[in-house]
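Only one structure is covered here, and it is reproduced in the block below.
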Amino acid sequence: EDGRPVAAFTGGSLLIGTVGRPDLVEPRLTERLARAQHASAHRLAAELPDETAVLPTHGFGSFCSSAQAEGDATTIGKEKSVNAALTTDVDSFVARLLAELDDIPAYYTHMSPANAAGPAPVDLTPPDVADAEEIAARLAAGEWVVDLRSRVAFAEGHVAGSFNFEAEGKIATYLAWMIPWGKPVTLLAESPEQLAAAQRELVRVGIDRPAAAATGAPQEWVPEGESPTSFPRSTFAGLAEHGMDDIVVLDVRRGSERAAGYIEGSVHIPIHQLHKCLGEVPAGTVWVHCAGGMRAAIAASLLDAAGRDVVAVDDGFDAAGRVGLTVVTG
């Protein structure tokens with residue numbers, strides 16, 4: 001503007017408080033790309049005024065980020081003071097970045113060829129409506145039926161065999177991460193608006209078209225004469241009160257989260273691996289937890305669909321130590 005830079009569109013490279021991941025292309029290139037990432041950030045910082053706005057393609061919470069950062073606006077000047085790429089030397093930066101890289105969502109494997117081929121026309125019209133008999137038939141055929149309602153509503157009543165991915169949670173990330181690529185999915189929503197919003201999120205990660213959908217309540221989604229099923233919810237205080245002698249405590253957080261602290265005696269299977277490892281969950285009633293409740297609800301629905309007795313711990317993990325559970329750290 002008038003010959004002066006006012007904004008830098010940094011794509012997936014220089015992000016808010018962090019940088020993009022260098023490990024998504026090819027493992028053998030990761031260190032080389034991390035060094036290039038550092039050089040790229042320094043070039044931006046050297047060539048642009050401090051007041052230049054940094055406008056990346058994504059930010060807080062994206063698995064394309066090499067680390068988690070907060071906020072939704074920044075400038076070159078601010079990044080100079082807070083971004084590790086601009087506050088540490090290249091060797092220290094690369095070592096830290098590579099050590100902190102987290103799991104890669106499975107659908108990332110399909111992104112490059114899909115992007116290279118170019119997108120098909122986006123169809124966001126409402127899917128075909130599925131009645132209770134069709135929902136039952138799709139479940140019997142091994143297809144995924146996904147309930148978009150809140151985890152509280154799902155626990156209170158749902159179609160047996162369906163999975164709970166909250167529309168208000170990170171549905172695009174976790175459903176695309178876990179569902180077998182190309183598997184038909186039927187969406188169950190409490191309203192047409194909730195369904196439409198979920199469709200828009202899912203088309204961005206390659207789930208381009210639901211096989212079918214239904215809106216309303218679980219009583220309408222089960223065949224006549226049948227009833228919705230349910231499972232209990234609790235908290236870490238409830239777990240402490242119950243005790244761990246006769247149950248399985250399942251931690252579905254990522255490995256990096258568990259490394260910072262975990263409940264003594266708990267079993268660890270990250271949420272994105274659980275659907276392939278259900279047979280590895282020990283016998284007994286399973287109390288499943290994550291860091292806040294959303295992933296525990298997904299896990300509880302998977303276990304419930306597999307016929308396991310389950311309790312979803314809907315609570316923040318920082319409460320575990322406060323209520324007397326033994327949290328192992330270090």
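In the structure tokens, each chain is lettered A, B, ... as it comes, each chain's residues begin at 1, and ligands are numbered from 1 in order of appearance.
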
Val252 (chain A) environment, 7 Å, only C-alpha atoms, sequence neighbours closer than 2 positions dropped, as a compact mmCIF listing (two decimals) with N, CA and C atoms, in the first residue's frame:
# COMPACT_ATOMS: atom_id res chain seq x y z
N LEU A 250 -8.93 -45.91 30.94
CA LEU A 250 -8.35 -45.77 29.61
C LEU A 250 -8.09 -44.31 29.30
N ARG A 254 -3.08 -37.95 23.37
CA ARG A 254 -1.88 -38.23 22.57
C ARG A 254 -0.70 -38.51 23.49
N HIS A 268 -3.09 -46.79 28.13
CA HIS A 268 -3.00 -45.69 27.16
C HIS A 268 -3.18 -46.20 25.74
N ILE A 269 -4.23 -45.72 25.07
CA ILE A 269 -4.42 -45.92 23.63
C ILE A 269 -4.91 -44.58 23.07
N PRO A 270 -4.10 -43.86 22.29
CA PRO A 270 -4.55 -42.58 21.75
C PRO A 270 -5.84 -42.74 20.95
N ILE A 271 -6.69 -41.73 20.99
CA ILE A 271 -8.01 -41.81 20.39
C ILE A 271 -7.94 -42.20 18.91
N HIS A 289 -11.01 -41.43 29.68
CA HIS A 289 -10.83 -39.99 29.85
C HIS A 289 -9.87 -39.45 28.80
N CYS A 290 -9.93 -38.13 28.61
CA CYS A 290 -8.95 -37.43 27.77
C CYS A 290 -8.47 -36.22 28.56
N ALA A 296 -12.89 -38.28 25.01
CA ALA A 296 -13.41 -39.37 25.83
C ALA A 296 -14.79 -39.78 25.35

Residues at most 10 Å from Ala189 (chain A), counting only C-alpha atoms, excluding those fewer than 6 positions away in the same chain, as an MDAnalysis selection string?
-> chainID A and resid 146:150 166:167 195:196 198 213:218

All heavy atoms of the current selection, written as a tab-separated table (two decimals), in the first residue's frame:
chain	number	residue	atom	x	y	z
A	146	VAL	N	-22.66	-41.50	12.29
A	146	VAL	CA	-22.05	-40.52	13.19
A	146	VAL	C	-23.11	-39.58	13.73
A	146	VAL	O	-23.82	-38.90	12.97
A	146	VAL	CB	-20.95	-39.73	12.44
A	146	VAL	CG1	-20.47	-38.55	13.29
A	146	VAL	CG2	-19.79	-40.66	12.10
A	147	ASP	N	-23.22	-39.53	15.04
A	147	ASP	CA	-24.16	-38.66	15.75
A	147	ASP	C	-23.43	-37.37	16.09
A	147	ASP	O	-22.43	-37.37	16.81
A	147	ASP	CB	-24.64	-39.38	17.02
A	147	ASP	CG	-25.83	-38.70	17.68
A	147	ASP	OD1	-25.88	-37.45	17.67
A	147	ASP	OD2	-26.68	-39.42	18.22
A	148	LEU	N	-23.96	-36.25	15.61
A	148	LEU	CA	-23.31	-34.95	15.76
A	148	LEU	C	-23.74	-34.21	17.02
A	148	LEU	O	-23.21	-33.13	17.30
A	148	LEU	CB	-23.64	-34.07	14.55
A	148	LEU	CG	-23.27	-34.61	13.17
A	148	LEU	CD1	-23.89	-33.75	12.08
A	148	LEU	CD2	-21.76	-34.66	13.01
A	149	ARG	N	-24.66	-34.76	17.77
A	149	ARG	CA	-25.17	-34.04	18.95
A	149	ARG	C	-24.11	-33.95	20.06
A	149	ARG	O	-23.06	-34.58	19.99
A	149	ARG	CB	-26.43	-34.74	19.46
A	149	ARG	CG	-27.59	-34.72	18.47
A	149	ARG	CD	-28.76	-35.56	18.99
A	149	ARG	NE	-28.33	-36.93	19.25
A	149	ARG	CZ	-28.68	-37.63	20.33
A	149	ARG	NH1	-29.45	-37.09	21.26
A	149	ARG	NH2	-28.25	-38.87	20.49
A	150	SER	N	-24.42	-33.17	21.07
A	150	SER	CA	-23.48	-33.00	22.18
A	150	SER	C	-23.23	-34.33	22.86
A	150	SER	O	-24.06	-35.25	22.84
A	150	SER	CB	-24.03	-32.00	23.20
A	150	SER	OG	-25.06	-32.61	23.98
A	166	GLU	N	-18.94	-34.75	18.16
A	166	GLU	CA	-19.72	-33.54	18.36
A	166	GLU	C	-19.51	-32.52	17.24
A	166	GLU	O	-18.37	-32.24	16.86
A	166	GLU	CB	-19.34	-32.88	19.67
A	166	GLU	CG	-19.73	-33.65	20.91
A	166	GLU	CD	-19.30	-32.93	22.18
A	166	GLU	OE1	-18.09	-32.70	22.35
A	166	GLU	OE2	-20.18	-32.59	22.98
A	167	ALA	N	-20.59	-31.97	16.73
A	167	ALA	CA	-20.49	-30.93	15.71
A	167	ALA	C	-19.75	-29.71	16.24
A	167	ALA	O	-19.08	-29.00	15.48
A	167	ALA	CB	-21.88	-30.53	15.22
A	195	LEU	N	-26.52	-30.09	10.76
A	195	LEU	CA	-26.10	-30.97	9.68
A	195	LEU	C	-25.35	-30.19	8.60
A	195	LEU	O	-24.28	-30.62	8.14
A	195	LEU	CB	-27.33	-31.66	9.07
A	195	LEU	CG	-27.09	-32.49	7.81
A	195	LEU	CD1	-26.14	-33.64	8.10
A	195	LEU	CD2	-28.42	-33.01	7.28
A	196	ALA	N	-25.88	-29.04	8.20
A	196	ALA	CA	-25.25	-28.23	7.15
A	196	ALA	C	-23.87	-27.76	7.57
A	196	ALA	O	-22.93	-27.76	6.77
A	196	ALA	CB	-26.15	-27.05	6.79
A	198	ALA	N	-21.84	-29.21	9.69
A	198	ALA	CA	-20.93	-30.36	9.70
A	198	ALA	C	-20.52	-30.73	8.27
A	198	ALA	O	-19.36	-31.05	8.02
A	198	ALA	CB	-21.60	-31.55	10.38
A	213	ALA	N	-28.43	-38.95	5.74
A	213	ALA	CA	-28.49	-38.17	6.98
A	213	ALA	C	-29.90	-38.21	7.53
A	213	ALA	O	-30.87	-38.55	6.83
A	213	ALA	CB	-28.06	-36.73	6.72
A	214	ALA	N	-30.00	-37.85	8.80
A	214	ALA	CA	-31.30	-37.72	9.44
A	214	ALA	C	-31.20	-36.64	10.50
A	214	ALA	O	-30.13	-36.44	11.09
A	214	ALA	CB	-31.75	-39.04	10.06
A	215	THR	N	-32.27	-35.94	10.73
A	215	THR	CA	-32.32	-34.92	11.79
A	215	THR	C	-33.46	-35.25	12.74
A	215	THR	O	-34.41	-35.93	12.37
A	215	THR	CB	-32.51	-33.50	11.21
A	215	THR	OG1	-33.71	-33.47	10.43
A	215	THR	CG2	-31.34	-33.11	10.33
A	216	GLY	N	-33.32	-34.76	13.97
A	216	GLY	CA	-34.36	-34.99	14.95
A	216	GLY	C	-33.80	-35.51	16.25
A	216	GLY	O	-32.90	-34.91	16.84
A	217	ALA	N	-34.30	-36.66	16.70
A	217	ALA	CA	-33.92	-37.23	18.00
A	217	ALA	C	-33.75	-38.73	17.86
A	217	ALA	O	-34.30	-39.35	16.93
A	217	ALA	CB	-34.99	-36.90	19.05
A	218	PRO	N	-32.99	-39.36	18.78
A	218	PRO	CA	-32.69	-40.79	18.63
A	218	PRO	C	-33.93	-41.69	18.62
A	218	PRO	O	-33.90	-42.76	18.01
A	218	PRO	CB	-31.78	-41.09	19.82
A	218	PRO	CG	-31.98	-39.97	20.77
A	218	PRO	CD	-32.30	-38.77	19.94

Residue list (helix (DSSP H, G or I), DSSP) for region 119-222 of chain A, as a ChimeraX atom specification | /A:132-140,151-156,171-178,192-203,218-220

Quick one: residues within 8 Å of Ala176 (chain A), only C-alpha atoms counted, chain neighbours fewer than 5 positions away excluded, as a PyMOL selection string?
-> chain A and resi 105-107+171+181+202+205-207

For region 130-144 of chain A, please output as a count of residues only all residues within 8 Å (counting only C-alpha atoms; exclusion window: fewer than 4 positions along the same chain).
-> 15

Distance query Leu239 (chain A) at most 12 Å, only C-alpha atoms, self and fewer than 4 positions along chain excluded, as a ChimeraX atom specification = /A:233-235,243-250,263,266,286-289,311-315,317,319-321,323-326

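Comparing the minimum interatomic distances between Ala153 (chain A) and each of A:Leu86, A:Thr57, A:Glu51, A:Pro228, counting only C-alpha atoms, we find that A:Pro228 sits nearest.
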
CA of Ala8 (chain A) sits from CA of Thr87 (chain A) at a separation of 19.4 Å
